[in-house]
>>> print(open('data_14.txt').read())   # compact mmCIF, C-alpha atoms
# COMPACT_ATOMS: atom_id res chain seq x y z
CA MET A 1 0.00 0.00 0.00
CA ASN A 2 1.45 3.34 -1.10
CA GLN A 3 -0.51 6.38 -0.03
CA LEU A 4 0.07 10.06 0.64
CA ARG A 5 -1.80 12.00 3.30
CA TRP A 6 -1.79 15.79 3.41
CA ASP A 7 -0.95 17.49 6.71
CA PRO A 8 -2.70 20.88 6.40
CA THR A 9 -1.12 22.17 9.61
CA LEU A 10 2.44 21.87 8.28
CA ARG A 11 1.40 21.92 4.62
CA GLU A 12 3.31 18.77 3.73
CA TRP A 13 2.67 15.25 2.47
CA VAL A 14 3.30 12.19 4.65
CA ALA A 15 3.97 8.93 2.77
CA TYR A 16 2.53 5.64 4.01
CA ALA A 17 4.02 2.36 2.77
CA THR A 18 2.88 -0.29 5.20
CA HIS A 19 4.61 -3.19 3.38
CA ARG A 20 7.93 -1.68 4.52
CA GLN A 21 7.28 -3.16 7.99
CA ASP A 22 8.27 -6.55 6.54
CA ARG A 23 11.56 -5.47 4.96
CA THR A 24 14.72 -7.49 5.47
CA PHE A 25 16.35 -6.53 8.76
CA LEU A 26 20.10 -6.93 9.33
CA PRO A 27 20.54 -10.38 7.78
CA PRO A 28 23.86 -12.27 8.27
CA ALA A 29 26.42 -11.59 5.49
CA GLU A 30 25.79 -14.97 3.77
CA TYR A 31 22.13 -13.98 3.31
CA CYS A 32 22.76 -10.43 2.11
CA PRO A 33 20.20 -9.67 -0.63
CA LEU A 34 22.50 -7.06 -2.20
CA CYS A 35 25.49 -9.35 -2.87
CA PRO A 36 25.90 -10.97 -6.32
CA ALA A 37 24.00 -14.28 -6.72
CA ARG A 38 26.66 -16.99 -6.43
CA PRO A 39 26.06 -20.43 -8.04
CA GLY A 40 24.25 -22.65 -5.55
CA GLY A 41 24.06 -19.79 -3.09
CA PHE A 42 21.31 -17.65 -1.64
CA PRO A 43 19.16 -16.07 -4.40
CA THR A 44 19.81 -12.34 -4.03
CA GLU A 45 18.30 -9.25 -5.67
CA VAL A 46 21.14 -9.23 -8.24
CA PRO A 47 20.97 -12.16 -10.67
CA ARG A 48 24.63 -12.03 -11.73
CA GLU A 49 27.80 -13.55 -10.33
CA SER A 50 29.62 -10.24 -10.47
CA TYR A 51 28.73 -6.61 -10.96
CA ASP A 52 30.22 -3.14 -11.06
CA ILE A 53 27.48 -0.66 -10.02
CA VAL A 54 23.82 -1.68 -9.96
CA VAL A 55 20.55 0.22 -9.62
CA PHE A 56 17.20 -1.47 -9.06
CA GLU A 57 13.68 -0.59 -8.00
CA ASN A 58 13.32 -0.96 -4.26
CA LYS A 59 11.30 -4.03 -3.28
CA PHE A 60 9.98 -2.12 -0.27
CA SER A 61 9.21 1.15 -2.02
CA SER A 62 7.80 4.21 -0.32
CA PHE A 63 6.53 5.29 -3.77
CA ILE A 64 5.70 3.26 -6.88
CA PRO A 65 5.14 4.38 -10.51
CA ASP A 66 1.57 3.06 -10.84
CA PRO A 67 -0.12 2.99 -7.45
CA PRO A 68 -3.87 2.39 -7.13
CA GLU A 69 -6.03 5.29 -5.98
CA PRO A 70 -6.19 5.08 -2.18
CA ASP A 71 -9.29 3.47 -0.64
CA GLU A 72 -8.99 5.96 2.17
CA LYS A 73 -10.21 9.30 0.81
CA GLY A 74 -9.23 11.26 3.90
CA LEU A 75 -10.77 14.44 5.27
CA ALA A 76 -11.92 17.58 3.52
CA LEU A 77 -8.91 19.41 4.98
CA ALA A 78 -6.54 16.45 4.83
CA PRO A 79 -7.03 14.55 1.57
CA SER A 80 -5.12 11.47 0.52
CA ALA A 81 -3.40 10.80 -2.80
CA ALA A 82 -1.71 7.92 -4.56
CA GLY A 83 1.93 7.46 -3.54
CA ARG A 84 3.23 7.81 -7.08
CA GLY A 85 6.98 8.00 -7.56
CA VAL A 86 10.05 5.78 -7.85
CA CYS A 87 12.39 4.41 -5.18
CA GLU A 88 15.69 2.96 -6.27
CA VAL A 89 18.57 1.22 -4.52
CA VAL A 90 22.10 1.98 -5.77
CA LEU A 91 24.69 -0.72 -5.08
CA TYR A 92 28.12 0.92 -4.91
CA SER A 93 30.14 -2.30 -5.13
CA GLU A 94 29.75 -6.06 -5.09
CA GLU A 95 32.07 -6.20 -2.04
CA HIS A 96 29.85 -6.74 0.99
CA GLY A 97 32.27 -5.18 3.50
CA ALA A 98 33.24 -2.11 1.45
CA THR A 99 32.34 1.47 2.35
CA LEU A 100 32.19 4.56 0.17
CA ALA A 101 35.12 6.05 2.12
CA GLY A 102 37.32 3.03 1.35
CA MET A 103 36.53 2.86 -2.36
CA SER A 104 38.93 4.03 -5.04
CA GLU A 105 38.54 7.57 -6.33
CA ARG A 106 37.84 6.04 -9.72
CA ARG A 107 34.91 3.96 -8.43
CA ILE A 108 33.47 7.02 -6.69
CA ARG A 109 33.91 8.92 -9.95
CA ASN A 110 31.93 6.19 -11.74
CA LEU A 111 29.28 6.40 -9.05
CA VAL A 112 28.98 10.14 -9.71
CA GLU A 113 28.27 9.20 -13.34
CA VAL A 114 25.51 6.82 -12.23
CA TRP A 115 23.98 9.41 -9.88
CA ALA A 116 23.97 11.94 -12.74
CA ASP A 117 22.37 9.42 -15.10
CA ARG A 118 19.64 8.58 -12.55
CA TYR A 119 18.94 12.28 -11.92
CA GLY A 120 18.41 12.76 -15.66
CA GLU A 121 16.32 9.64 -16.27
CA LEU A 122 14.07 9.89 -13.20
CA GLY A 123 13.75 13.66 -13.46
CA ALA A 124 12.44 13.27 -17.02
CA LEU A 125 9.40 11.30 -15.78
CA ASP A 126 6.35 13.54 -15.94
CA PHE A 127 5.19 12.63 -12.42
CA VAL A 128 8.56 13.28 -10.75
CA GLU A 129 9.19 16.74 -9.31
CA TYR A 130 12.28 16.04 -7.20
CA VAL A 131 15.07 13.47 -7.44
CA PHE A 132 16.57 12.94 -4.02
CA ILE A 133 19.84 10.99 -3.89
CA PHE A 134 20.94 9.88 -0.43
CA GLU A 135 22.75 7.33 1.69
CA ASN A 136 21.93 6.18 5.20
CA LYS A 137 25.01 4.56 6.70
CA GLY A 138 25.28 2.63 9.95
CA GLU A 139 22.89 1.05 12.41
CA ALA A 140 22.78 4.30 14.39
CA ILE A 141 20.92 5.76 11.40
CA GLY A 142 18.55 2.79 11.19
CA VAL A 143 20.21 0.99 8.29
CA THR A 144 18.77 -2.52 7.77
CA LEU A 145 21.37 -3.79 5.26
CA HIS A 146 25.13 -3.30 5.65
CA HIS A 147 26.11 -3.88 2.01
CA PRO A 148 27.40 -0.54 0.63
CA HIS A 149 24.46 1.13 -1.01
CA GLY A 150 22.55 4.36 -1.33
CA GLN A 151 19.02 5.17 -2.34
CA ILE A 152 17.13 7.49 -4.66
CA TYR A 153 13.61 8.75 -4.03
CA ALA A 154 11.92 10.32 -7.05
CA TYR A 155 9.13 12.28 -5.36
CA PRO A 156 5.89 13.48 -6.95
CA PHE A 157 6.36 16.77 -5.07
CA VAL A 158 9.24 18.98 -3.97
CA PRO A 159 9.90 17.80 -0.38
CA PRO A 160 9.69 20.35 2.46
CA ARG A 161 13.36 20.89 3.24
CA PRO A 162 14.59 21.46 -0.35
CA LYS A 163 11.44 23.54 -0.93
CA LYS A 164 12.23 25.80 2.00
CA GLU A 165 15.83 26.12 0.79
CA ILE A 166 14.69 27.03 -2.73
CA GLU A 167 12.18 29.59 -1.45
CA ALA A 168 14.93 31.24 0.61
CA ALA A 169 17.23 31.29 -2.43
CA LYS A 170 14.50 32.78 -4.64
CA GLU A 171 13.81 35.57 -2.14
CA TYR A 172 17.53 36.27 -1.83
CA GLN A 173 17.91 36.35 -5.60
CA SER A 174 15.07 38.89 -5.92
CA ALA A 175 16.48 41.09 -3.18
CA HIS A 176 20.14 40.95 -4.31
CA ASP A 177 20.21 41.71 -8.03
CA GLY A 178 19.91 38.09 -9.10
CA ARG A 179 22.70 36.77 -6.89
CA CYS A 180 22.77 33.12 -5.76
CA LEU A 181 22.36 32.66 -1.99
CA HIS A 182 24.54 29.53 -2.01
CA CYS A 183 27.33 31.15 -4.05
CA ASP A 184 27.44 34.04 -1.58
CA LEU A 185 27.36 31.70 1.44
CA LEU A 186 30.20 29.66 -0.04
CA SER A 187 32.21 32.85 -0.66
CA GLU A 188 31.74 33.89 2.96
CA GLU A 189 32.77 30.46 4.25
CA LEU A 190 35.86 30.44 2.00
CA GLU A 191 36.83 33.91 3.13
CA ASP A 192 36.29 33.15 6.82
CA ALA A 193 38.07 29.77 6.43
CA ARG A 194 37.65 28.69 10.07
CA ARG A 195 35.08 26.03 9.20
CA LEU A 196 36.67 24.74 5.99
CA ILE A 197 37.48 21.01 5.95
CA VAL A 198 38.61 20.11 2.43
CA GLU A 199 39.20 22.28 -0.63
CA GLY A 200 39.35 20.98 -4.18
CA GLU A 201 39.63 22.82 -7.46
CA TYR A 202 35.89 22.68 -8.13
CA PHE A 203 34.40 21.66 -4.76
CA ALA A 204 34.83 22.71 -1.14
CA ALA A 205 33.60 21.09 2.09
CA PHE A 206 32.93 22.96 5.31
CA VAL A 207 30.97 22.76 8.55
CA PRO A 208 28.31 25.44 8.02
CA PHE A 209 28.20 28.36 10.44
CA TYR A 210 24.68 27.19 11.39
CA ALA A 211 25.32 23.41 11.55
CA HIS A 212 22.42 21.37 12.96
CA PHE A 213 24.61 18.36 13.85
CA PRO A 214 28.04 18.50 15.57
CA TYR A 215 29.99 17.15 12.59
CA GLU A 216 27.61 18.22 9.84
CA ALA A 217 29.42 19.06 6.61
CA HIS A 218 28.33 20.65 3.35
CA LEU A 219 30.16 19.89 0.13
CA TYR A 220 29.51 22.65 -2.41
CA ALA A 221 30.21 22.96 -6.11
CA ARG A 222 32.19 26.20 -6.54
CA ARG A 223 30.35 26.89 -9.79
CA CYS A 224 26.67 27.75 -9.59
CA THR A 225 25.15 24.66 -11.15
CA PRO A 226 21.68 23.29 -10.36
CA SER A 227 22.32 19.55 -10.49
CA ILE A 228 24.88 16.77 -10.52
CA ALA A 229 23.97 16.16 -14.17
CA ASP A 230 25.25 19.65 -15.07
CA LEU A 231 28.76 19.01 -13.74
CA SER A 232 31.64 18.90 -16.23
CA ALA A 233 34.03 15.94 -16.39
CA ALA A 234 36.63 17.83 -14.36
CA GLU A 235 34.03 18.78 -11.74
CA ARG A 236 32.86 15.16 -11.47
CA ARG A 237 36.44 14.01 -10.87
CA ASP A 238 36.94 16.66 -8.23
CA LEU A 239 33.66 15.78 -6.53
CA ALA A 240 34.88 12.18 -6.20
CA ARG A 241 38.24 13.36 -4.85
CA VAL A 242 36.84 15.77 -2.25
CA LEU A 243 34.06 13.35 -1.24
CA LYS A 244 36.60 10.59 -0.60
CA ARG A 245 38.82 12.87 1.49
CA LEU A 246 35.90 14.09 3.57
CA LEU A 247 34.64 10.55 4.22
CA ALA A 248 38.15 9.36 5.09
CA GLY A 249 38.30 12.22 7.59
CA TYR A 250 34.99 11.10 9.09
CA ASP A 251 36.36 7.58 9.57
CA ASN A 252 39.51 8.99 11.20
CA LEU A 253 37.53 11.15 13.58
CA PHE A 254 36.83 8.53 16.25
CA GLY A 255 38.73 5.59 14.75
CA PHE A 256 35.69 3.75 13.38
CA SER A 257 33.56 3.85 10.27
CA LEU A 258 31.33 6.80 11.09
CA PRO A 259 27.54 6.50 10.56
CA TYR A 260 26.02 9.33 8.58
CA MET A 261 23.18 10.51 6.40
CA MET A 262 24.43 11.87 3.08
CA VAL A 263 21.90 13.85 1.02
CA MET A 264 22.12 15.74 -2.25
CA HIS A 265 20.27 19.00 -2.76
CA GLN A 266 19.70 20.05 -6.33
CA GLY A 267 17.19 21.56 -8.68
CA PRO A 268 13.62 20.17 -8.76
CA THR A 269 12.56 18.51 -12.02
CA ASP A 270 9.11 20.11 -12.22
CA GLY A 271 9.84 22.04 -15.40
CA GLU A 272 10.81 25.37 -13.80
CA ASP A 273 14.21 26.95 -14.41
CA TYR A 274 16.28 26.81 -11.22
CA GLY A 275 19.40 28.49 -12.57
CA GLY A 276 20.90 30.77 -9.92
CA VAL A 277 18.50 29.38 -7.29
CA ALA A 278 19.31 25.68 -6.85
CA HIS A 279 23.02 25.15 -6.27
CA PHE A 280 24.21 21.55 -6.28
CA HIS A 281 25.60 20.50 -2.91
CA VAL A 282 25.85 17.44 -0.69
CA GLU A 283 25.02 17.58 3.02
CA PHE A 284 26.27 15.09 5.63
CA TYR A 285 24.69 14.60 9.05
CA PRO A 286 26.66 12.17 11.23
CA PRO A 287 24.68 11.46 14.45
CA ASN A 288 27.75 11.19 16.71
CA ARG A 289 28.66 14.08 18.99
CA THR A 290 31.46 11.99 20.56
CA ALA A 291 32.78 8.48 19.90
CA ASP A 292 30.08 6.96 22.11
CA LYS A 293 27.37 9.59 22.35
CA LEU A 294 24.75 10.44 19.75
CA LYS A 295 22.90 13.64 19.02
CA TYR A 296 19.21 12.80 19.31
CA LEU A 297 16.44 14.77 17.67
CA ALA A 298 14.47 15.22 20.90
CA GLY A 299 11.71 17.57 22.07
CA SER A 300 13.07 20.89 20.80
CA GLU A 301 14.38 19.52 17.50
CA THR A 302 11.39 17.28 16.68
CA GLY A 303 8.52 19.11 18.34
CA ALA A 304 9.59 22.68 17.78
CA GLY A 305 11.94 22.30 14.83
CA ALA A 306 14.53 24.27 16.79
CA PHE A 307 17.96 22.67 16.98
CA VAL A 308 20.08 23.09 20.11
CA MET A 309 23.77 22.30 19.79
CA ASP A 310 26.39 21.40 22.42
CA VAL A 311 29.46 22.29 20.36
CA LEU A 312 30.47 25.12 18.05
CA PRO A 313 31.01 24.49 14.32
CA GLU A 314 34.42 26.22 14.54
CA GLU A 315 35.57 23.56 17.03
CA THR A 316 34.18 20.54 15.19
CA ALA A 317 35.52 21.84 11.86
CA ALA A 318 39.04 22.11 13.32
CA THR A 319 38.83 18.53 14.63
CA LEU A 320 37.46 17.24 11.35
CA ARG A 321 40.07 19.14 9.33
CA GLU A 322 42.81 17.57 11.42
CA ALA A 323 41.24 14.11 10.86
CA VAL A 324 41.28 14.70 7.09
CA GLU A 325 44.90 15.92 7.17
CA ARG A 326 45.93 12.89 9.26
CA GLU A 327 44.59 10.67 6.47
CA CYS A 328 46.66 12.54 3.87
CA ARG A 329 49.98 12.32 5.75
CA MET B 330 12.45 -5.77 -21.49
CA ASN B 331 16.21 -6.07 -21.93
CA GLU B 332 17.91 -2.91 -23.20
CA ARG B 333 21.56 -2.12 -23.68
CA GLU B 334 23.03 1.38 -24.13
CA GLU B 335 26.67 2.26 -24.64
CA HIS B 336 27.65 5.68 -23.31
CA SER B 337 30.89 6.73 -24.93
CA SER B 338 33.48 8.91 -23.26
CA CYS B 339 32.12 12.37 -24.06
CA GLU B 340 34.00 15.57 -23.12
CA GLY B 341 36.15 13.55 -20.72
CA LYS B 342 33.20 11.90 -18.95
CA ALA B 343 33.57 8.20 -18.11
CA ALA B 344 32.36 5.68 -20.68
CA PHE B 345 29.97 2.99 -19.50
CA VAL B 346 27.55 0.32 -20.63
CA LYS B 347 24.03 0.46 -19.20
CA GLU B 348 22.00 -2.75 -19.32
CA ARG B 349 18.41 -2.70 -18.18
CA GLU B 350 16.63 -5.97 -17.35
CA GLN B 351 13.33 -6.95 -15.81
CA MET B 352 13.23 -9.03 -12.66
CA ALA B 353 10.74 -11.88 -12.15
CA ASP B 354 8.44 -9.67 -10.08
CA GLY B 355 8.36 -6.93 -12.74
CA ARG B 356 10.83 -4.51 -11.17
CA TYR B 357 13.74 -3.26 -13.28
CA ILE B 358 17.41 -3.66 -12.56
CA ILE B 359 20.16 -1.69 -14.31
CA PHE B 360 23.77 -2.84 -14.56
CA TYR B 361 26.32 -0.07 -15.07
CA THR B 362 29.70 -1.31 -16.23
CA PHE B 363 32.61 1.07 -16.65
CA ASP B 364 35.65 0.70 -18.88
CA GLY B 365 38.69 -0.74 -17.20
CA GLU B 366 37.20 -0.54 -13.71
CA GLU B 367 39.37 -2.34 -11.25
CA LYS B 368 37.61 -4.29 -8.51
CA ASP B 369 37.72 -2.60 -5.14
CA ARG B 370 38.92 -4.76 -2.32
CA GLU B 371 38.94 -3.72 1.28
CA PRO B 372 42.54 -3.29 2.46
>>> encode(input="data_14.txt", output="structure tokens")
Amino acid sequence: MNQLRWDPTLREWVAYATHRQDRTFLPPAEYCPLCPARPGGFPTEVPRESYDIVVFENKFSSFIPDPPEPDEKGLALAPSAAGRGVCEVVLYSEEHGATLAGMSERRIRNLVEVWADRYGELGALDFVEYVFIFENKGEAIGVTLHHPHGQIYAYPFVPPRPKKEIEAAKEYQSAHDGRCLHCDLLSEELEDARRLIVEGEYFAAFVPFYAHFPYEAHLYARRCTPSIADLSAAERRDLARVLKRLLAGYDNLFGFSLPYMMVMHQGPTDGEDYGGVAHFHVEFYPPNRTADKLKYLAGSETGAGAFVMDVLPEETAATLREAVERECR
Amino acid sequence: MNEREEHSSCEGKAAFVKEREQMADGRYIIFYTFDGEEKDREP
């Protein structure tokens, strides 16, 4: 069952996909559904003995391309709608124990190519308004399969957080002679430099001045470009390079493979022109505030939407920068 | 529904082969294979 219900108080859709309750939960490695199907072995999702990078439709989708109209019609103020969209799984490697941080720059570069291809193909579907590429990593984030993989949600609407970001950028553009909010923010972060973590020729990563998680990082394209599909070959290579260095720094931080949420913000695919408004960037939210303590989204964060932080971004950026540099020595 | 596309190296972008197949339950699966990709092994 895939269904959307409108919350008129927050003016946002909530997706219901009740079949997801039965999804595979932390199976032992020999029963991993994302490994290649070995002869005589467990029948996995991937019917080949070996693969490079694979994308498939999620078996436990939050959205599907042809959902039935919901039986539940809802309320006059809170209608329901069919949960139409696409959910994909992206397998980064056939190696069960690999992580994105440990992969070669070249493989990450190839993955960038796949992400760009998916953005283009899914975004071209007439019912898709936003292509959201993300990775949940680690049990602390709620991951149910350890095999290195990410996901893509092709939403039938522009989801609330990117929407809010785009509205802010549009207002800024109108008030500042067409300037891009993200370009100007990046310029200020580069000039200030205290929160910078990694700099590449075409990308830069920093802990934002207003970070919502202790070790949150934003990885920005230096050029104002709406989506990953608009990046040049040189920019794609640099994205892979800077991404790898940042992730290696994360793993050096506490001496273990750090859990995180990695999300890409880019232009909606609803037919509007987002040039100078949407600025391709990747955001990372690791839940750890120390090696053994997590930042929880509790009363203030969840109920009021107001984040309260225990540490300053200037301090966490310095620690993270040192962890990246340690990796490079 | 088996489709195969070859994406050549254009303006320095990586070349790859994209093969789309249908699984038994109707879902699609896409295999991306890149030129000369070495296999990643955990150190």
>>> axis_aligned_box(input="data_14.txt", around="segment 261-278 of chain A", padding_each_side="8 Å", output="JSON")
{"center_x": 16.8, "center_y": 20.6, "center_z": -4.5, "size_x": 31.3, "size_y": 36.3, "size_z": 37.8}
>>> residues_around(input="data_14.txt", residues="segment 142-157 of chain A", least_positions_apart="2", cutoff="8 Å", atoms="only C-alpha atoms", output="PyMOL selection string")
chain A and resi 24-27+32+34-35+63+83-93+95-100+122-123+127-140+159
>>> atom_distance(input="data_14.txt", atom1="atom CA of Arg48 of chain A", atom2="atom CA of Asn110 of chain A")
19.6 Å
>>> closest_atom_pairs(input="data_14.txt", of="chain A", to="chain B", cutoff="6 Å", atoms="all atoms listed in the file", output="JSON lines")
{"residue": "A:Asp52", "atom": "CA", "partner": "B:Thr362", "partner_atom": "CA", "distance": 5.5}
{"residue": "A:Ile53", "atom": "CA", "partner": "B:Tyr361", "partner_atom": "CA", "distance": 5.2}
{"residue": "A:Val54", "atom": "CA", "partner": "B:Phe360", "partner_atom": "CA", "distance": 4.7}
{"residue": "A:Val55", "atom": "CA", "partner": "B:Ile359", "partner_atom": "CA", "distance": 5.1}
{"residue": "A:Phe56", "atom": "CA", "partner": "B:Ile358", "partner_atom": "CA", "distance": 4.1}
{"residue": "A:Glu57", "atom": "CA", "partner": "B:Arg356", "partner_atom": "CA", "distance": 5.8}
{"residue": "A:Ala98", "atom": "CA", "partner": "B:Glu371", "partner_atom": "CA", "distance": 5.9}
{"residue": "A:Ala233", "atom": "CA", "partner": "B:Lys342", "partner_atom": "CA", "distance": 4.9}
>>> atom_distance(input="data_14.txt", atom1="atom CA of Leu186 of chain A", atom2="atom CA of Gly267 of chain A")
17.6 Å
>>> atom_distance(input="data_14.txt", atom1="atom CA of Cys183 of chain A", atom2="atom CA of Lys170 of chain A")
12.9 Å
>>> closest_residue(input="data_14.txt", among="A:Tyr51, A:Phe256, A:Phe280, A:Tyr220", to="Pro268 of chain A", atoms="only C-alpha atoms")
A:Phe280
